[in-house]
file run.cif (mmCIF, C-alpha atoms and all ligand atoms)
data_run
loop_
_atom_site.label_atom_id
_atom_site.label_comp_id
_atom_site.auth_asym_id
_atom_site.auth_seq_id
_atom_site.Cartn_x
_atom_site.Cartn_y
_atom_site.Cartn_z
CA MET A 1488 -16.50 -20.22 -205.97
CA ARG A 1489 -20.23 -19.88 -206.65
CA HIS A 1490 -21.18 -23.53 -206.95
CA GLN A 1491 -22.00 -24.23 -203.38
CA PHE A 1492 -24.97 -24.78 -201.11
CA ALA A 1493 -22.93 -26.40 -198.33
CA SER A 1494 -23.42 -23.70 -195.72
CA ASP A 1495 -24.02 -20.01 -195.17
CA THR A 1496 -20.61 -20.05 -193.47
CA TRP A 1497 -19.00 -20.35 -196.92
CA ALA A 1498 -20.29 -16.92 -198.00
CA PRO A 1499 -18.13 -13.78 -197.89
CA MET A 1500 -18.86 -10.68 -195.81
CA CYS A 1501 -21.53 -8.42 -197.23
CA PRO A 1502 -20.30 -5.12 -198.73
CA ALA A 1503 -21.72 -2.93 -195.94
CA ALA A 1504 -19.83 -4.98 -193.33
CA ILE A 1505 -16.59 -4.59 -195.29
CA ARG A 1506 -17.13 -0.84 -195.60
CA ALA A 1507 -17.70 -0.69 -191.84
CA LEU A 1508 -14.36 -2.42 -191.21
CA ILE A 1509 -12.58 0.13 -193.38
CA GLU A 1510 -14.39 3.03 -191.78
CA ALA A 1511 -13.44 1.71 -188.34
CA SER A 1512 -9.80 1.77 -189.44
CA THR A 1513 -9.73 5.28 -190.88
CA ARG A 1514 -10.69 6.86 -187.55
CA GLY A 1515 -7.26 6.12 -186.07
CA HIS A 1516 -6.75 5.21 -182.45
CA VAL A 1517 -9.66 4.44 -180.15
CA GLU A 1518 -9.97 2.77 -176.76
CA PRO A 1519 -9.68 -1.03 -176.90
CA TYR A 1520 -11.72 -3.86 -175.30
CA GLY A 1521 -15.14 -2.50 -176.15
CA ASP A 1522 -14.84 1.09 -175.00
CA ASP A 1523 -15.01 2.39 -178.58
CA PRO A 1524 -17.72 4.33 -180.45
CA TRP A 1525 -18.90 1.32 -182.51
CA THR A 1526 -19.37 -0.99 -179.56
CA HIS A 1527 -21.30 1.74 -177.77
CA GLN A 1528 -23.42 2.44 -180.84
CA ALA A 1529 -24.16 -1.24 -181.39
CA ALA A 1530 -25.40 -1.48 -177.81
CA VAL A 1531 -27.79 1.43 -178.38
CA MET A 1532 -29.05 -0.16 -181.61
CA VAL A 1533 -29.57 -3.62 -180.11
CA ARG A 1534 -31.52 -2.14 -177.18
CA GLU A 1535 -33.69 -0.26 -179.66
CA LEU A 1536 -34.14 -3.29 -181.91
CA PHE A 1537 -35.40 -5.39 -179.01
CA GLU A 1538 -37.36 -2.51 -177.46
CA LYS A 1539 -35.63 -3.17 -174.17
CA PRO A 1540 -33.42 -0.35 -172.85
CA ASP A 1541 -32.20 -2.40 -169.90
CA LEU A 1542 -30.96 -5.50 -171.76
CA GLU A 1543 -27.26 -6.41 -171.55
CA LEU A 1544 -25.22 -7.52 -174.55
CA PHE A 1545 -21.77 -8.92 -175.20
CA PHE A 1546 -19.80 -9.65 -178.36
CA VAL A 1547 -17.99 -12.97 -178.81
CA PRO A 1548 -16.21 -14.26 -181.90
CA THR A 1549 -18.11 -17.50 -182.53
CA GLY A 1550 -21.51 -19.08 -182.08
CA THR A 1551 -19.98 -21.91 -180.10
CA ALA A 1552 -18.50 -19.41 -177.64
CA SER A 1553 -21.76 -17.52 -177.34
CA ASN A 1554 -23.77 -20.67 -176.58
CA ALA A 1555 -21.20 -22.21 -174.27
CA LEU A 1556 -20.58 -19.06 -172.24
CA ALA A 1557 -24.27 -18.16 -172.05
CA LEU A 1558 -25.18 -21.64 -170.83
CA ALA A 1559 -22.27 -21.70 -168.38
CA SER A 1560 -23.48 -18.41 -166.90
CA MET A 1561 -26.85 -19.98 -166.07
CA CYS A 1562 -25.62 -23.33 -164.74
CA GLN A 1563 -23.64 -24.82 -161.89
CA SER A 1564 -21.59 -27.89 -162.74
CA TYR A 1565 -24.27 -30.18 -161.26
CA HIS A 1566 -27.03 -28.72 -163.47
CA SER A 1567 -28.30 -29.90 -166.85
CA VAL A 1568 -29.56 -28.30 -170.06
CA ILE A 1569 -32.52 -29.77 -171.95
CA CYS A 1570 -32.11 -29.55 -175.72
CA HIS A 1571 -33.12 -31.28 -178.95
CA GLN A 1572 -31.07 -34.33 -179.92
CA HIS A 1573 -29.90 -32.52 -183.05
CA ALA A 1574 -29.07 -29.26 -181.25
CA HIS A 1575 -25.83 -27.64 -182.33
CA ILE A 1576 -24.75 -27.47 -178.67
CA GLU A 1577 -24.99 -31.28 -178.55
CA THR A 1578 -23.68 -32.28 -181.95
CA ASP A 1579 -21.34 -29.55 -183.18
CA GLU A 1580 -19.61 -27.74 -180.35
CA CYS A 1581 -17.01 -30.27 -179.31
CA GLY A 1582 -18.28 -30.33 -175.73
CA ALA A 1583 -17.80 -26.58 -175.25
CA PRO A 1584 -21.01 -26.10 -173.21
CA GLU A 1585 -19.97 -28.91 -170.86
CA PHE A 1586 -16.37 -27.64 -170.72
CA PHE A 1587 -17.14 -24.00 -169.95
CA SER A 1588 -19.73 -24.98 -167.33
CA ASN A 1589 -17.34 -27.43 -165.67
CA GLY A 1590 -19.53 -30.42 -166.36
CA THR A 1591 -23.13 -29.33 -166.85
CA LYS A 1592 -24.82 -32.20 -168.69
CA LEU A 1593 -26.90 -31.87 -171.84
CA LEU A 1594 -30.12 -33.89 -171.72
CA THR A 1595 -31.28 -34.52 -175.26
CA VAL A 1596 -34.86 -35.02 -176.38
CA ALA A 1597 -36.22 -36.25 -179.70
CA GLY A 1598 -38.82 -34.17 -181.49
CA GLU A 1599 -40.32 -33.82 -184.94
CA ASN A 1600 -39.21 -31.07 -187.28
CA GLY A 1601 -36.20 -30.26 -185.12
CA LYS A 1602 -38.40 -28.92 -182.34
CA LEU A 1603 -38.85 -29.50 -178.64
CA THR A 1604 -42.43 -29.64 -177.35
CA PRO A 1605 -43.80 -28.63 -173.93
CA PRO A 1606 -44.73 -32.23 -172.92
CA ALA A 1607 -41.31 -33.54 -173.97
CA VAL A 1608 -39.56 -30.86 -171.94
CA GLU A 1609 -41.77 -31.49 -168.93
CA ARG A 1610 -41.23 -35.26 -169.11
CA MET A 1611 -37.49 -34.68 -169.09
CA VAL A 1612 -37.71 -32.30 -166.12
CA LEU A 1613 -39.85 -34.72 -164.12
CA ARG A 1614 -38.04 -37.91 -165.12
CA ARG A 1615 -35.64 -37.65 -162.21
CA GLN A 1616 -35.60 -35.14 -159.39
CA ASP A 1617 -33.40 -37.01 -156.97
CA ILE A 1618 -29.95 -36.14 -155.71
CA HIS A 1619 -28.26 -38.63 -158.04
CA TYR A 1620 -29.22 -36.90 -161.28
CA PRO A 1621 -28.01 -33.57 -162.73
CA ARG A 1622 -30.67 -30.98 -162.05
CA PRO A 1623 -32.34 -29.36 -165.12
CA LYS A 1624 -31.70 -25.62 -165.13
CA VAL A 1625 -32.04 -24.45 -168.74
CA VAL A 1626 -34.13 -25.27 -171.81
CA SER A 1627 -32.21 -24.49 -174.99
CA LEU A 1628 -34.11 -23.93 -178.24
CA THR A 1629 -32.57 -23.38 -181.67
CA GLN A 1630 -34.28 -20.70 -183.77
CA ALA A 1631 -34.35 -21.29 -186.74
CA THR A 1632 -33.95 -25.02 -185.95
CA GLU A 1633 -31.18 -27.27 -187.26
CA VAL A 1634 -33.55 -28.56 -189.95
CA GLY A 1635 -34.64 -25.17 -191.25
CA THR A 1636 -37.98 -24.96 -189.48
CA VAL A 1637 -39.03 -22.07 -187.26
CA TYR A 1638 -40.73 -22.19 -183.86
CA ARG A 1639 -43.98 -20.22 -183.84
CA LEU A 1640 -44.38 -17.66 -181.07
CA ASP A 1641 -47.01 -19.76 -179.28
CA GLU A 1642 -44.69 -22.78 -179.38
CA ILE A 1643 -41.91 -20.82 -177.68
CA ALA A 1644 -44.32 -19.33 -175.15
CA ALA A 1645 -45.68 -22.77 -174.25
CA ILE A 1646 -42.18 -24.23 -173.74
CA ALA A 1647 -41.14 -21.16 -171.74
CA ALA A 1648 -44.22 -21.57 -169.54
CA VAL A 1649 -43.20 -25.16 -168.70
CA ALA A 1650 -39.64 -23.99 -168.08
CA LYS A 1651 -40.71 -21.19 -165.73
CA ARG A 1652 -43.06 -23.50 -163.85
CA HIS A 1653 -40.07 -25.69 -163.01
CA GLY A 1654 -37.57 -22.89 -162.41
CA LEU A 1655 -35.66 -23.30 -165.68
CA HIS A 1656 -34.20 -20.50 -167.79
CA VAL A 1657 -34.85 -20.31 -171.56
CA HIS A 1658 -31.88 -20.01 -173.93
CA LEU A 1659 -32.28 -19.38 -177.64
CA ASP A 1660 -29.49 -20.46 -179.99
CA GLY A 1661 -30.10 -17.89 -182.70
CA ALA A 1662 -27.28 -18.61 -185.12
CA ARG A 1663 -30.03 -18.11 -187.74
CA PHE A 1664 -32.28 -15.88 -185.64
CA ALA A 1665 -32.45 -13.34 -188.49
CA ASN A 1666 -33.83 -16.00 -190.85
CA ALA A 1667 -36.41 -16.95 -188.24
CA ILE A 1668 -37.57 -13.34 -187.82
CA ALA A 1669 -37.71 -12.92 -191.60
CA HIS A 1670 -40.07 -15.90 -191.67
CA LEU A 1671 -42.18 -14.92 -188.67
CA GLY A 1672 -42.53 -11.32 -189.73
CA CYS A 1673 -42.80 -10.22 -186.10
CA SER A 1674 -40.65 -7.91 -184.01
CA PRO A 1675 -37.50 -9.35 -182.40
CA ALA A 1676 -39.05 -8.46 -179.03
CA ALA A 1677 -42.18 -10.50 -179.76
CA ALA A 1678 -40.03 -13.54 -180.60
CA THR A 1679 -37.80 -13.39 -177.52
CA TRP A 1680 -38.36 -11.76 -174.13
CA GLN A 1681 -42.05 -11.20 -174.71
CA VAL A 1682 -42.53 -15.00 -175.01
CA GLY A 1683 -40.21 -15.86 -172.13
CA VAL A 1684 -36.72 -16.09 -173.66
CA ASP A 1685 -34.06 -15.10 -171.10
CA VAL A 1686 -30.90 -15.22 -173.21
CA LEU A 1687 -30.42 -15.03 -176.98
CA CYS A 1688 -27.30 -15.93 -178.91
CA PHE A 1689 -27.82 -13.68 -181.94
CA GLY A 1690 -25.87 -14.84 -184.98
CA GLY A 1691 -24.15 -12.43 -187.35
CA THR A 1692 -21.69 -14.68 -189.16
CA LYS A 1693 -24.28 -16.58 -191.19
CA ASN A 1694 -26.09 -13.33 -191.95
CA GLY A 1695 -23.24 -11.58 -193.78
CA LEU A 1696 -20.56 -10.79 -191.20
CA GLY A 1697 -17.02 -12.14 -191.12
CA ILE A 1698 -16.89 -12.86 -187.42
CA GLY A 1699 -18.81 -12.05 -184.27
CA GLU A 1700 -22.02 -13.04 -182.50
CA LEU A 1701 -23.99 -11.34 -179.76
CA VAL A 1702 -25.06 -12.70 -176.40
CA VAL A 1703 -28.16 -10.78 -175.34
CA PHE A 1704 -29.43 -11.00 -171.74
CA PHE A 1705 -32.99 -9.68 -171.53
CA ASN A 1706 -32.78 -9.81 -167.75
CA ALA A 1707 -29.77 -7.68 -166.89
CA ALA A 1708 -29.29 -9.39 -163.53
CA MET A 1709 -28.49 -12.62 -165.37
CA ALA A 1710 -25.53 -10.92 -167.05
CA HIS A 1711 -23.82 -10.51 -163.69
CA GLU A 1712 -20.02 -10.81 -164.17
CA PHE A 1713 -20.50 -12.22 -167.69
CA ALA A 1714 -17.77 -9.88 -168.98
CA TRP A 1715 -15.24 -11.69 -166.78
CA ARG A 1716 -16.40 -15.05 -168.09
CA VAL A 1717 -15.86 -13.87 -171.67
CA LYS A 1718 -12.41 -12.49 -170.90
CA GLN A 1719 -11.28 -15.58 -168.98
CA ALA A 1720 -12.32 -17.78 -171.89
CA GLY A 1721 -10.11 -15.70 -174.18
CA HIS A 1722 -13.07 -14.40 -176.16
CA LEU A 1723 -12.61 -10.66 -175.66
CA PRO A 1724 -10.78 -9.25 -178.69
CA ALA A 1725 -8.75 -6.14 -177.82
CA LYS A 1726 -9.78 -4.44 -181.05
CA LEU A 1727 -13.43 -5.17 -180.46
CA ARG A 1728 -14.35 -2.30 -182.80
CA TYR A 1729 -13.70 -4.65 -185.73
CA VAL A 1730 -16.41 -6.97 -184.43
CA ALA A 1731 -18.81 -4.19 -183.43
CA ALA A 1732 -18.54 -1.92 -186.50
CA PRO A 1733 -19.85 -4.52 -188.98
CA TRP A 1734 -22.69 -5.22 -186.55
CA VAL A 1735 -23.58 -1.52 -186.63
CA ALA A 1736 -23.70 -1.79 -190.43
CA LEU A 1737 -25.89 -4.90 -190.23
CA LEU A 1738 -28.31 -3.21 -187.83
CA THR A 1739 -28.52 -0.02 -189.92
CA ASP A 1740 -31.70 0.31 -191.98
CA GLY A 1741 -32.66 -3.30 -191.33
CA LEU A 1742 -29.86 -4.82 -193.41
CA TRP A 1743 -29.78 -7.88 -191.10
CA LEU A 1744 -33.40 -8.58 -191.96
CA GLU A 1745 -32.96 -7.87 -195.68
CA ASN A 1746 -30.02 -10.30 -195.87
CA ALA A 1747 -32.08 -12.97 -194.13
CA ARG A 1748 -35.18 -12.35 -196.24
CA HIS A 1749 -33.13 -12.76 -199.38
CA ALA A 1750 -31.58 -16.03 -198.20
CA ASN A 1751 -35.03 -17.34 -197.23
CA ARG A 1752 -36.49 -16.37 -200.62
CA MET A 1753 -33.72 -18.24 -202.42
CA ALA A 1754 -34.42 -21.32 -200.28
CA ILE A 1755 -38.10 -21.18 -201.18
CA GLU A 1756 -37.20 -20.95 -204.88
CA LEU A 1757 -34.84 -23.87 -204.59
CA ALA A 1758 -37.44 -25.93 -202.74
CA ALA A 1759 -40.03 -25.21 -205.44
CA GLY A 1760 -37.53 -26.37 -208.05
CA PHE A 1761 -36.85 -29.63 -206.21
CA ARG A 1762 -40.59 -30.24 -205.86
CA GLN A 1763 -41.08 -29.70 -209.60
CA LEU A 1764 -38.44 -32.33 -210.25
CA GLY A 1765 -40.36 -34.75 -208.03
CA LEU A 1766 -37.76 -34.75 -205.26
CA PRO A 1767 -39.36 -35.01 -201.81
CA LEU A 1768 -38.55 -32.36 -199.22
CA ARG A 1769 -37.92 -33.53 -195.68
CA TYR A 1770 -39.13 -30.47 -193.78
CA ALA A 1771 -41.10 -27.30 -194.28
CA VAL A 1772 -38.79 -24.65 -195.73
CA GLU A 1773 -39.17 -21.78 -193.28
CA ALA A 1774 -35.67 -20.35 -193.16
CA ASN A 1775 -32.67 -20.56 -195.51
CA GLU A 1776 -32.17 -24.32 -195.56
CA VAL A 1777 -33.71 -26.99 -197.79
CA PHE A 1778 -33.55 -30.71 -196.90
CA VAL A 1779 -34.29 -33.03 -199.77
CA ASP A 1780 -34.24 -36.79 -200.27
CA LEU A 1781 -31.70 -37.79 -202.93
CA LYS A 1782 -30.63 -41.30 -203.82
CA PRO A 1783 -26.89 -41.67 -203.11
CA GLU A 1784 -26.10 -42.07 -206.85
CA LEU A 1785 -27.99 -38.89 -207.67
CA ALA A 1786 -26.25 -36.93 -204.90
CA SER A 1787 -22.86 -38.16 -206.12
CA ALA A 1788 -23.69 -37.24 -209.72
CA ILE A 1789 -24.64 -33.69 -208.70
CA GLN A 1790 -21.49 -33.38 -206.60
CA ALA A 1791 -19.44 -34.64 -209.53
CA ARG A 1792 -20.65 -31.55 -211.41
CA GLY A 1793 -18.92 -29.42 -208.78
CA TRP A 1794 -21.72 -28.65 -206.35
CA HIS A 1795 -21.08 -28.71 -202.62
CA PHE A 1796 -23.74 -29.82 -200.14
CA TYR A 1797 -23.92 -32.22 -197.20
CA ASN A 1798 -26.09 -34.82 -195.54
CA PHE A 1799 -24.59 -34.82 -192.04
CA ILE A 1800 -27.45 -33.07 -190.29
CA ALA A 1801 -30.13 -34.94 -188.39
CA ASP A 1802 -31.37 -38.23 -189.80
CA GLY A 1803 -30.42 -37.90 -193.42
CA GLY A 1804 -31.75 -35.84 -196.22
CA TRP A 1805 -29.35 -33.68 -198.19
CA ARG A 1806 -29.05 -30.13 -196.93
CA PHE A 1807 -28.84 -27.11 -199.23
CA VAL A 1808 -28.20 -23.76 -197.55
CA CYS A 1809 -28.77 -20.35 -199.13
CA SER A 1810 -27.02 -17.20 -197.97
CA TRP A 1811 -27.28 -13.43 -198.31
CA ASP A 1812 -25.47 -13.58 -201.66
CA THR A 1813 -27.12 -16.62 -203.26
CA THR A 1814 -28.52 -15.52 -206.62
CA GLN A 1815 -31.46 -16.73 -208.67
CA ALA A 1816 -28.87 -17.73 -211.26
CA ASP A 1817 -27.13 -19.95 -208.68
CA VAL A 1818 -30.43 -21.65 -207.88
CA ALA A 1819 -31.32 -22.05 -211.55
CA ALA A 1820 -27.88 -23.44 -212.43
CA LEU A 1821 -28.11 -26.03 -209.66
CA LEU A 1822 -31.57 -27.11 -210.78
CA VAL A 1823 -30.40 -27.46 -214.38
CA ASP A 1824 -27.66 -29.83 -213.22
CA VAL A 1825 -30.02 -31.78 -210.94
CA ARG A 1826 -32.43 -32.22 -213.84
CA ALA A 1827 -29.61 -33.39 -216.08
CA CYS A 1828 -28.44 -35.90 -213.47
CA LEU A 1829 -31.98 -37.23 -213.12
CA GLY A 1830 -31.70 -38.13 -216.79
C1 LIG A 1901 -23.50 -22.27 -187.03
C2 LIG A 1901 -24.23 -22.52 -185.76
C3 LIG A 1901 -23.70 -22.13 -184.52
C4 LIG A 1901 -22.35 -21.45 -184.35
O1 LIG A 1901 -21.28 -22.09 -184.90
P1 LIG A 1901 -19.79 -21.52 -184.87
O2 LIG A 1901 -19.11 -22.29 -185.94
O3 LIG A 1901 -19.23 -21.80 -183.52
O4 LIG A 1901 -19.85 -20.06 -185.12
C5 LIG A 1901 -24.47 -22.34 -183.39
N1 LIG A 1901 -25.69 -22.89 -183.48
C6 LIG A 1901 -26.24 -23.25 -184.65
C7 LIG A 1901 -27.61 -23.80 -184.68
C8 LIG A 1901 -25.52 -23.10 -185.83
O5 LIG A 1901 -26.07 -23.47 -186.99
#
call {"tool": "encode", "arguments": {"input": "run.cif", "output": "structure tokens"}}
result
Amino acid sequence: MRHQFASDTWAPMCPAAIRALIEASTRGHVEPYGDDPWTHQAAVMVRELFEKPDLELFFVPTGTASNALALASMCQSYHSVICHQHAHIETDECGAPEFFSNGTKLLTVAGENGKLTPPAVERMVLRRQDIHYPRPKVVSLTQATEVGTVYRLDEIAAIAAVAKRHGLHVHLDGARFANAIAHLGCSPAAATWQVGVDVLCFGGTKNGLGIGELVVFFNAAMAHEFAWRVKQAGHLPAKLRYVAAPWVALLTDGLWLENARHANRMAIELAAGFRQLGLPLRYAVEANEVFVDLKPELASAIQARGWHFYNFIADGGWRFVCSWDTTQADVAALLVDVRACLG
């Protein structure tokens, strides 16, 4: 199926990731549970990528697991996590962060363009400090955001400064971190620990892998006993090489960034096409997602031509997501059908 802009989760694995899976099979027997050459190599590469030799990293199968376990590791059950009202951890993880932390509460905040702001975070921290209210312990940002925008470095630094002032940790849900870096054009270090991020959930699935995300602790002390947490949750695959080897492929020669740049470029092309057709965009297109206003009849007409896309995110607007394998022909074909439906 090519006719789809529903999500980057619909896309297949990229060829390099598939080759890595095969290569990991042809080397016969290796030690299980992460003591294999690919897991070790991935660790070396991630430390190099983030210019931080002492960071700690862990593989988990899904983004939900990475967020939930990372947040649980920072919180007691009586703590709370401040996040945007449209944050994936709030709207799309079936209560996993609360479950794995034994009851940590999510405190949601509204904010334009899918972003938290320093004053909004501070207001939430200061709203209640008494014994009867769950104590804020983490600020969670999504980068790129749920509406396809990207926090600038100074925006993250300012939120992190508020967080640190009040003793909160900073968590980055980076399911589309690669797309954010492709947009920012800065180093991964500059966008994370150098602006105060403590823990990053680094997404691979939406960037061309089949399965597997990374939890990266920039402060190694915060990773204390995290391996046990992962294992207890049932998120430590015995044949971890099959998660790690495709990551090695993705991190080789900047493929992760190339995949993301391509997806972002396709989104920009699509957005330009919508604009030309007079269809208003909801948000700045800074990653691989385009949100556009469509009348319900128009959306149905386009869907009737076989295209897949949704409007379940945030407060409306139809979402079109590009992926590593979206082609210019895909974008052009969609725009031809949209134009035809406009009449
Ligand atoms: C896709 C996504 C995740 C992870 O989702 P899984 O389906 O659990 O892999 C997490 N956060 C954001 C913002 C996402 O878009």
call {"tool": "closest_residue", "arguments": {"input": "run.cif", "among": "A:Phe1796, A:Ala1504, A:Ala1648, A:Ser1553", "to": "A:Val1686", "atoms": "only C-alpha atoms"}}
result
A:Ser1553
call {"tool": "residues_near_ligand", "arguments": {"input": "run.cif", "ligand": "ligand LIG 1901 (chain A)", "cutoff": "9 Å", "atoms": "all atoms listed in the file", "output": "VMD selection string"}}
result
chain A and resid 1494 to 1496 1548 to 1554 1574 to 1576 1579 to 1580 1629 to 1633 1660 to 1663 1688 1690 1692 to 1693 1698 to 1700
call {"tool": "closest_residue", "arguments": {"input": "run.cif", "among": "A:Gln1681, A:Gln1572, A:Thr1814, A:Gln1563", "to": "A:Phe1586", "atoms": "all atoms listed in the file"}}
result
A:Gln1563
call {"tool": "closest_residue", "arguments": {"input": "run.cif", "among": "A:Ala1820, A:Leu1727, A:Ala1747, A:Leu1603", "to": "A:Gly1760", "atoms": "all atoms listed in the file"}}
result
A:Ala1820
call {"tool": "residues_near_point", "arguments": {"input": "run.cif", "point": "(-9.3, 5.7, -181.7)", "cutoff": "8 Å", "atoms": "only C-alpha atoms", "output": "list of chain:residue names"}}
result
A:Arg1514, A:Gly1515, A:His1516, A:Val1517, A:Glu1518, A:Asp1523
call {"tool": "residues_near_point", "arguments": {"input": "run.cif", "point": "(-25.5, -27.0, -159.1)", "cutoff": "9 Å", "atoms": "all atoms listed in the file", "output": "number ranges by chain"}}
result
A: 1562-1567, 1591, 1621-1622, 1624
call {"tool": "closest_residue", "arguments": {"input": "run.cif", "among": "A:Asn1600, A:Ser1674, A:Ser1810, A:Ser1627", "to": "A:Ile1569", "atoms": "all atoms listed in the file"}}
result
A:Ser1627
call {"tool": "closest_residue", "arguments": {"input": "run.cif", "among": "A:Met1611, A:Tyr1638, A:Ala1754, A:Ala1720", "to": "A:Ala1583", "atoms": "only C-alpha atoms"}}
result
A:Ala1720
call {"tool": "atom_distance", "arguments": {"input": "run.cif", "atom1": "atom CA of A:Ala1529", "atom2": "atom CA of A:Phe1546"}}
result
9.9 Å
call {"tool": "atom_distance", "arguments": {"input": "run.cif", "atom1": "atom CA of A:Ile1509", "atom2": "atom CA of A:Leu1687"}}
result
28.6 Å
call {"tool": "atom_distance", "arguments": {"input": "run.cif", "atom1": "atom CA of A:Glu1535", "atom2": "atom CA of A:Gly1683"}}
result
18.5 Å
call {"tool": "closest_residue", "arguments": {"input": "run.cif", "among": "A:Arg1826, A:Gly1695, A:Pro1724, A:Asp1617", "to": "A:Trp1497", "atoms": "only C-alpha atoms"}}
result
A:Gly1695
call {"tool": "residues_around", "arguments": {"input": "run.cif", "residues": "A:Pro1733", "least_positions_apart": "6", "cutoff": "8 Å", "atoms": "all atoms listed in the file", "output": "PyMOL selection string"}}
result
chain A and resi 1503-1505+1507-1508+1696
call {"tool": "residues_around", "arguments": {"input": "run.cif", "residues": "A:Ala1731", "least_positions_apart": "2", "cutoff": "6 Å", "atoms": "only C-alpha atoms", "output": "number ranges by chain"}}
result
A: 1525-1526, 1728-1729, 1733-1734
call {"tool": "residues_around", "arguments": {"input": "run.cif", "residues": "A:Val1684", "least_positions_apart": "5", "cutoff": "10 Å", "atoms": "only C-alpha atoms", "output": "PyMOL selection string"}}
result
chain A and resi 1626-1628+1643-1644+1646-1647+1656-1659+1676-1679+1704-1706
call {"tool": "residues_around", "arguments": {"input": "run.cif", "residues": "A:Gly1793", "least_positions_apart": "4", "cutoff": "9 Å", "atoms": "all atoms listed in the file", "output": "list of chain:residue names"}}
result
A:His1490, A:Gln1491, A:Ile1789
call {"tool": "write_last_selection", "arguments": {"input": "run.cif", "atoms": "C-alpha atoms", "output": "mmCIF file, in the frame of the given file"}}
result
data_model
loop_
_atom_site.group_PDB
_atom_site.id
_atom_site.type_symbol
_atom_site.label_atom_id
_atom_site.label_comp_id
_atom_site.auth_asym_id
_atom_site.auth_seq_id
_atom_site.Cartn_x
_atom_site.Cartn_y
_atom_site.Cartn_z
ATOM 1 C CA HIS A 1490 -21.180 -23.530 -206.950
ATOM 2 C CA GLN A 1491 -22.000 -24.230 -203.380
ATOM 3 C CA ILE A 1789 -24.640 -33.690 -208.700
#
call {"tool": "residues_around", "arguments": {"input": "run.cif", "residues": "stretch 1778-1784 of chain A", "least_positions_apart": "5", "cutoff": "6 Å", "atoms": "all atoms listed in the file", "output": "number ranges by chain"}}
result
A: 1767-1769, 1804-1806
